[in-house]
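Asks: One structure, pasted below without further comment.
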Amino acid sequence: MKIFSNMVSPGPVFWLVLLIIARVSRSAGIGFRFASYIDNYMVLQKEPSGAVIWGFGTPGATVTVTLCQGQETIMKKVTSVKAPSNTWMVVLDPMKPGGPFEVMAQQTLGITDFTLRIHDVLFGDVWLCSGQSNMQMTVLQIFNSSKELSDSAAYQSVRIFSVSLTQAEEELADLDGVDLSWSKPTAGNLGHGNFTYMSAVCWLFGRYLYDTLQYPIGLVSSSWGGTPIEVWSSRRTLKACGVPDTKVERVRQPTMKPMRNECKSEESSCPLRRVVPSLDVAGPVTHSVLWNAMIHPLQNMTLKGVVWYQGEANANYNRDLYACMFPALISDWRQTFHYGSQGQTERFFPFGFVQLSSYILKNSSDPGFPEIRWHQTADFGFVPNLKMPNTFMAVAMDLCDRDSPFGSIHPRDKQTVAYRLHLGARAVAYGEKNLTFQGPLPKKIELLAHSSLLYLTYDQEIQVQRHDNKTFEISCCSDHQCKWLPAPVDTFSTQTLILGLNACLGTVVAVRYAWATWPCEYKQCGVYHTSSILPAPPFIAHITHRVSEDIWSSDHSSERGQVL
């Protein structure tokens with residue numbers, strides 16, 4: 001001020017210069033923002049990984065990211081905005097689980113500063129949930145929904161986020177839309193509607209994990225009903241599996257409906273917008289469009305792992321390629337998230353999935369569901385395996401629901417699905433020892449031709465809940481023709497099950513279990529672990545007429561990859 005004390009009033013040129021400076025300063029701050037999924041109430045990945053904070057800004061500007069708790073500064077990280085992407089990124093030091101924290105980002109360009117803040121941030125484990133309609137079903141749609149919604153009040157450290165249903169022809173850097181910004185769980189945002197948000201399987205999986213781990217869990221839901229695996233796969237992945245290109249097919253986009261006027265709060269739990277898909281319209285089929293728009297934009301996020309529920313849409317679409325596409329998708333997602341997070345997401349992070357449940361078909365002999373279940377394991381019959389390391393699976397074929405108001409293809413018991421998934425996560429992702437997380441698998445076949453009996457020896461104690469003529473089948477060949485025939489359970493013991501072969505007058509060449517779209521009624525399949533919680537998965541195995549055969553040994557990996 002002293003500089004002007006003995007001078008005349010500033011002239012028009014002076015004020016013009018000030019106006020130009022002000023406009024430049026304002027324009028420099030217009031593009032400064034966090035990535036779309038970085039918001040209040042979020043969960044960032046805890047130690048041993050470092051969480052990634054990133055966003056957009058003015059090229060050349062300096063960005064300082066500060067992590068605070070109350071008045072205490074925990075750490076500062078400094079970076080710059082890179083051209084031509086106009087992005088900035090920092091990796092925080094690994095943090096123990098807990099919170100809440102505040103994250104502040106300040107952009108400096110010349111004499112101008114712009115500051116962004118998000119609050120109530122927790123550190124814990126972040127899981128991404130994806131797939132089609134059985135993953136998209138909300139808590140409102142499942143059994144005991146009222147109790148599940150009311151119980152959410154006890155889980156305020158399990159935070160939820162839901163991606164909008166959007167498509168793109170090319171890979172996007174950031175999400176184009178968010179249905180539900182990071183939020184604490186409420187009855188309203190867990191049961192927002194049918195097939196909207198929040199995913200019931202995702203929520204229950206996270207809730208069960210929280211019960212065990214007792215630290216924050218972040219759940220990111222990115223699902224779309226009626227979608228084949230091809231739309232969730234990158235083009236390079238599909239090319240590697242020899243999948244025919246359908247890029248010319250029309251992309252069907254549901255109407256976008258604004259929601260702000262329906263939301264009574266301005267908190268982040270208020271959605272920016274939502275998509276209401278018509279239930280009689282399938283999801284998009286153009287390859288890679290959901291990978292581009294709903295998965296790739298999340299690649300910089302540091303994750304603990306992924307859970308996946310998909311496959312129904314491939315029962316009659318590129319079914320024979322699924323055994324290649326699914327392991328390839330897992331590998332590609334792992335690589336993308338590892339590099340996108342600057343190496344903070346584990347290179348082979350845990351990947352869990354749900355093996356398909358059951359539904360009513362007019363043609364009960366349709367091979368679609370049984371074969372997809374098998375292909376979901378890369379034709380091994382179990383996971384983890386050589387093609388699918390560090391994976392876990394929840395068997396769901398016994399959770400049928402013929403009275404579901406959403407169609408029998410959408411069973412309402414998502415609690416059991418999520419519980420079985422979380423057992424796999426505890427064993428595979430968290431290394432919990434002496435935990436039974438999957439049902440019994442036959443480890444050896446003994447064919448006693450002289451007595452027309454087939455002995456199956458399992459890898460754990462079994463409980464046989466049903467021994468009718470439909471559960472097991474044998475492939476019987478004579479005169480160069482083979483036919484599947486029933487193989488009734490003759491007797492069983494603690495770990496052994498004996499099948500009668502009297503129906504076969506020729507040569508028995510294979511055996512299979514639960515090979516049907518609807519293999520049993522609710523929780524009444526043939527073989528379970530003795531706890532009755534975990535069903536044996538379906539399998540098919542060739543018999544080479546040795547006296548005794550380990551059907552899962554590496555010697556027979558090529559044989560078990562064939563589906564009769």
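Chain labels A, B, ... are given in the sequence in which chains occur in the structure tokens; within each chain residues are numbered consecutively from 1, and ligands are likewise numbered from 1 in the order shown.
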List as CSV every residue of segment 124-207 of chain A that is in contact with segment 286-305 of chain A, defined as an atom at most 9 Å from one of its atoms (using only C-alpha atoms), together with the nearest atom pair and the distance in Å rounded to one decimal, sorted by chain and then rising number.

Replies:
```
residue,atom,partner,partner_atom,distance
A:Asp125,CA,A:Lys304,CA,5.6
A:Val126,CA,A:Leu303,CA,5.1
A:Trp127,CA,A:Gly305,CA,5.1
A:Leu128,CA,A:Gly305,CA,6.5
A:Cys129,CA,A:Gly305,CA,8.9
A:Ser130,CA,A:Ile295,CA,8.8
A:Val163,CA,A:Met294,CA,6.8
A:Ser164,CA,A:Met294,CA,7.7
A:Leu165,CA,A:Met294,CA,7.5
A:Thr166,CA,A:Ala293,CA,6.0
A:Gln167,CA,A:Val289,CA,5.0
A:Ala168,CA,A:Val289,CA,5.0
A:Glu169,CA,A:Val289,CA,5.6
A:Glu170,CA,A:Asn292,CA,5.7
A:Glu171,CA,A:Asn292,CA,4.0
A:Leu172,CA,A:Pro297,CA,5.6
A:Ala173,CA,A:Pro297,CA,4.9
A:Asp174,CA,A:Pro297,CA,4.5
A:Leu175,CA,A:Pro297,CA,5.4
A:Asp176,CA,A:Ala293,CA,7.1
```

Asks: As a count of residues only, please: every residue in segment 138-270 of chain A that DSSP puts in helix (DSSP H, G or I).

Replies: 44

Asks: Per DSSP on the backbone, what are the strand (DSSP E) residues of segment 77-212 of chain A, as a count of residues only?

Replies: 53

Asks: For Leu453 of chain A, which residue among A:Tyr359, A:Phe56, A:Phe195, A:Phe492 is the nearest when counting only C-alpha atoms?

Replies: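 Comparing A:Tyr359, A:Phe56, A:Phe195, A:Phe492 against Leu453 of chain A, the winner is A:Phe492.
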
Asks: Can you work out the spacing between atom CA of Val527 of chain A and atom CA of Val464 of chain A in Å, to one decimal?

Replies: 4.7 Å

Asks: Write out as JSON lines a residue-level contact list of segment 488-539 of chain A versus segment 411-424 of chain A with cut-off 12 Å: for each qualifying residue the closest pair of atoms and the distance in Å to one decimal, counting only C-alpha atoms, rows sorted by chain and residue number upward.

Replies:
```
{"residue": "A:Tyr522", "atom": "CA", "partner": "A:Asp413", "partner_atom": "CA", "distance": 9.9}
{"residue": "A:Lys523", "atom": "CA", "partner": "A:Thr416", "partner_atom": "CA", "distance": 10.2}
{"residue": "A:Ser532", "atom": "CA", "partner": "A:Arg420", "partner_atom": "CA", "distance": 11.9}
{"residue": "A:Ile533", "atom": "CA", "partner": "A:Arg420", "partner_atom": "CA", "distance": 8.2}
{"residue": "A:Leu534", "atom": "CA", "partner": "A:Arg420", "partner_atom": "CA", "distance": 7.4}
{"residue": "A:Pro535", "atom": "CA", "partner": "A:Arg420", "partner_atom": "CA", "distance": 10.0}
```

Asks: Might you pull out every residue within 10 Å of Gly439 of chain A, with only C-alpha atoms counted and same-chain residues fewer than 3 positions away left off, and present them as a list in words?

Replies: Phe382, Ala394, Val395, Thr436, Tyr458, Asp459, Gln460, Glu461, Ile462, Val527, Tyr528, His529, Thr530, Ser531, Ser532, Ile533, Leu534, Pro535, Ala536 and Pro537 of chain A

Asks: Generate a file of the selected residues that holds N, CA and C atoms, formatted as a PDB file, in the first residue's frame.

Replies:
```pdb
ATOM      1  N   PHE A 382     -11.637 -77.076 -10.011  1.00  0.00           N
ATOM      2  CA  PHE A 382     -11.350 -76.480  -8.710  1.00  0.00           C
ATOM      3  C   PHE A 382     -10.401 -75.302  -8.902  1.00  0.00           C
ATOM      4  N   ALA A 394     -16.816 -69.615  -4.781  1.00  0.00           N
ATOM      5  CA  ALA A 394     -17.990 -69.991  -3.994  1.00  0.00           C
ATOM      6  C   ALA A 394     -18.920 -70.805  -4.879  1.00  0.00           C
ATOM      7  N   VAL A 395     -19.137 -72.062  -4.531  1.00  0.00           N
ATOM      8  CA  VAL A 395     -20.083 -72.909  -5.267  1.00  0.00           C
ATOM      9  C   VAL A 395     -21.497 -72.474  -4.885  1.00  0.00           C
ATOM     10  N   THR A 436     -11.437 -74.575   6.477  1.00  0.00           N
ATOM     11  CA  THR A 436     -12.057 -75.249   5.337  1.00  0.00           C
ATOM     12  C   THR A 436     -12.872 -74.222   4.556  1.00  0.00           C
ATOM     13  N   TYR A 458     -12.368 -89.001  -1.628  1.00  0.00           N
ATOM     14  CA  TYR A 458     -12.347 -87.540  -1.550  1.00  0.00           C
ATOM     15  C   TYR A 458     -11.181 -87.032  -0.699  1.00  0.00           C
ATOM     16  N   ASP A 459     -10.886 -85.751  -0.856  1.00  0.00           N
ATOM     17  CA  ASP A 459      -9.752 -85.142  -0.158  1.00  0.00           C
ATOM     18  C   ASP A 459     -10.103 -84.689   1.258  1.00  0.00           C
ATOM     19  N   GLN A 460     -11.365 -84.827   1.645  1.00  0.00           N
ATOM     20  CA  GLN A 460     -11.796 -84.472   2.990  1.00  0.00           C
ATOM     21  C   GLN A 460     -13.019 -85.313   3.342  1.00  0.00           C
ATOM     22  N   GLU A 461     -13.414 -85.267   4.587  1.00  0.00           N
ATOM     23  CA  GLU A 461     -14.578 -86.038   4.999  1.00  0.00           C
ATOM     24  C   GLU A 461     -15.831 -85.511   4.299  1.00  0.00           C
ATOM     25  N   ILE A 462     -16.731 -86.414   3.973  1.00  0.00           N
ATOM     26  CA  ILE A 462     -17.915 -86.043   3.200  1.00  0.00           C
ATOM     27  C   ILE A 462     -19.196 -86.367   3.960  1.00  0.00           C
ATOM     28  N   VAL A 527     -23.297 -84.186  -2.366  1.00  0.00           N
ATOM     29  CA  VAL A 527     -22.133 -84.319  -1.492  1.00  0.00           C
ATOM     30  C   VAL A 527     -21.747 -82.966  -0.910  1.00  0.00           C
ATOM     31  N   TYR A 528     -21.512 -82.942   0.403  1.00  0.00           N
ATOM     32  CA  TYR A 528     -21.087 -81.738   1.120  1.00  0.00           C
ATOM     33  C   TYR A 528     -19.927 -82.077   2.044  1.00  0.00           C
ATOM     34  N   HIS A 529     -19.241 -81.044   2.485  1.00  0.00           N
ATOM     35  CA  HIS A 529     -18.338 -81.196   3.617  1.00  0.00           C
ATOM     36  C   HIS A 529     -19.184 -81.562   4.833  1.00  0.00           C
ATOM     37  N   THR A 530     -18.591 -82.195   5.822  1.00  0.00           N
ATOM     38  CA  THR A 530     -19.362 -82.664   6.964  1.00  0.00           C
ATOM     39  C   THR A 530     -20.047 -81.537   7.737  1.00  0.00           C
ATOM     40  N   SER A 531     -19.587 -80.304   7.529  1.00  0.00           N
ATOM     41  CA  SER A 531     -20.246 -79.167   8.179  1.00  0.00           C
ATOM     42  C   SER A 531     -21.598 -78.851   7.544  1.00  0.00           C
ATOM     43  N   SER A 532     -21.855 -79.411   6.349  1.00  0.00           N
ATOM     44  CA  SER A 532     -23.068 -79.153   5.546  1.00  0.00           C
ATOM     45  C   SER A 532     -23.099 -77.746   4.952  1.00  0.00           C
ATOM     46  N   ILE A 533     -22.046 -76.968   5.166  1.00  0.00           N
ATOM     47  CA  ILE A 533     -22.024 -75.592   4.661  1.00  0.00           C
ATOM     48  C   ILE A 533     -21.493 -75.534   3.241  1.00  0.00           C
ATOM     49  N   LEU A 534     -20.534 -76.389   2.912  1.00  0.00           N
ATOM     50  CA  LEU A 534     -19.814 -76.274   1.639  1.00  0.00           C
ATOM     51  C   LEU A 534     -20.107 -77.475   0.744  1.00  0.00           C
ATOM     52  N   PRO A 535     -20.776 -77.246  -0.399  1.00  0.00           N
ATOM     53  CA  PRO A 535     -21.073 -78.345  -1.318  1.00  0.00           C
ATOM     54  C   PRO A 535     -19.848 -78.716  -2.157  1.00  0.00           C
ATOM     55  N   ALA A 536     -19.778 -79.983  -2.535  1.00  0.00           N
ATOM     56  CA  ALA A 536     -18.764 -80.401  -3.496  1.00  0.00           C
ATOM     57  C   ALA A 536     -19.062 -79.747  -4.842  1.00  0.00           C
ATOM     58  N   PRO A 537     -18.058 -79.233  -5.532  1.00  0.00           N
ATOM     59  CA  PRO A 537     -18.308 -78.634  -6.853  1.00  0.00           C
ATOM     60  C   PRO A 537     -18.578 -79.713  -7.891  1.00  0.00           C
TER      61      PRO A 537
END
```

Asks: Counting only C-alpha atoms, what is within 7 Å of segment 306-315 of chain A, bar same-chain residues fewer than 5 positions away, as a VMD selection string?

Replies: chain A and resid 127 to 132 134 to 135 226 to 229 350 to 354 356 368 to 369 372

Asks: Filtering to N, CA, C and O atoms, could you give me those residues as a tab-separated table (two decimals), in the first residue's frame?

Replies:
```tsv
chain	number	residue	atom	x	y	z
A	127	TRP	N	-11.94	-53.71	-1.86
A	127	TRP	CA	-12.32	-54.80	-2.77
A	127	TRP	C	-13.21	-54.26	-3.88
A	127	TRP	O	-14.15	-53.51	-3.63
A	128	LEU	N	-12.91	-54.67	-5.11
A	128	LEU	CA	-13.72	-54.33	-6.28
A	128	LEU	C	-14.65	-55.49	-6.58
A	128	LEU	O	-14.22	-56.65	-6.65
A	129	CYS	N	-15.95	-55.21	-6.76
A	129	CYS	CA	-16.96	-56.23	-7.07
A	129	CYS	C	-17.51	-55.96	-8.47
A	129	CYS	O	-17.96	-54.85	-8.76
A	130	SER	N	-17.53	-56.99	-9.32
A	130	SER	CA	-17.99	-56.78	-10.68
A	130	SER	C	-18.71	-58.02	-11.20
A	130	SER	O	-18.65	-59.10	-10.61
A	131	GLY	N	-19.41	-57.85	-12.33
A	131	GLY	CA	-20.13	-58.96	-12.95
A	131	GLY	C	-21.45	-58.51	-13.55
A	131	GLY	O	-21.61	-57.36	-13.94
A	132	GLN	N	-22.40	-59.45	-13.61
A	132	GLN	CA	-23.69	-59.13	-14.21
A	132	GLN	C	-24.79	-59.09	-13.15
A	132	GLN	O	-24.52	-58.72	-12.01
A	134	ASN	N	-26.57	-60.92	-11.08
A	134	ASN	CA	-26.53	-61.51	-9.75
A	134	ASN	C	-25.56	-60.78	-8.83
A	134	ASN	O	-25.70	-60.86	-7.61
A	135	MET	N	-24.60	-60.08	-9.40
A	135	MET	CA	-23.77	-59.18	-8.59
A	135	MET	C	-24.47	-57.84	-8.41
A	135	MET	O	-24.31	-57.16	-7.41
A	226	GLY	N	-27.02	-58.80	-17.44
A	226	GLY	CA	-27.17	-59.30	-18.81
A	226	GLY	C	-25.95	-59.14	-19.68
A	226	GLY	O	-26.06	-59.12	-20.90
A	227	THR	N	-24.76	-59.04	-19.08
A	227	THR	CA	-23.56	-58.76	-19.87
A	227	THR	C	-22.64	-59.97	-19.95
A	227	THR	O	-22.37	-60.63	-18.95
A	228	PRO	N	-22.13	-60.28	-21.14
A	228	PRO	CA	-21.16	-61.36	-21.30
A	228	PRO	C	-19.77	-60.91	-20.86
A	228	PRO	O	-19.50	-59.70	-20.75
A	229	ILE	N	-18.89	-61.85	-20.65
A	229	ILE	CA	-17.55	-61.53	-20.19
A	229	ILE	C	-16.78	-60.68	-21.19
A	229	ILE	O	-15.90	-59.90	-20.81
A	350	PRO	N	-5.57	-61.32	-4.96
A	350	PRO	CA	-6.61	-62.36	-4.85
A	350	PRO	C	-7.83	-62.04	-5.71
A	350	PRO	O	-8.28	-60.89	-5.76
A	351	PHE	N	-8.34	-63.05	-6.37
A	351	PHE	CA	-9.51	-62.89	-7.24
A	351	PHE	C	-10.50	-64.00	-6.90
A	351	PHE	O	-10.24	-65.17	-7.12
A	352	GLY	N	-11.64	-63.62	-6.33
A	352	GLY	CA	-12.68	-64.58	-5.99
A	352	GLY	C	-13.85	-64.50	-6.96
A	352	GLY	O	-14.08	-63.46	-7.57
A	353	PHE	N	-14.58	-65.60	-7.09
A	353	PHE	CA	-15.73	-65.58	-7.99
A	353	PHE	C	-16.78	-66.57	-7.52
A	353	PHE	O	-16.51	-67.47	-6.71
A	354	VAL	N	-17.99	-66.39	-8.04
A	354	VAL	CA	-19.11	-67.28	-7.73
A	354	VAL	C	-19.34	-68.21	-8.91
A	354	VAL	O	-19.56	-67.75	-10.04
A	356	LEU	N	-21.65	-70.49	-11.08
A	356	LEU	CA	-23.05	-70.22	-11.37
A	356	LEU	C	-24.02	-71.05	-10.54
A	356	LEU	O	-23.80	-72.23	-10.28
A	368	GLY	N	-25.47	-75.56	-21.34
A	368	GLY	CA	-24.87	-74.25	-21.10
A	368	GLY	C	-24.33	-74.03	-19.70
A	368	GLY	O	-23.14	-73.77	-19.51
A	369	PHE	N	-25.19	-74.14	-18.69
A	369	PHE	CA	-24.75	-73.86	-17.32
A	369	PHE	C	-23.71	-74.86	-16.81
A	369	PHE	O	-22.71	-74.45	-16.22
A	372	ILE	N	-20.39	-73.97	-18.45
A	372	ILE	CA	-19.83	-72.70	-17.97
A	372	ILE	C	-19.26	-72.87	-16.56
A	372	ILE	O	-18.18	-72.35	-16.24
```
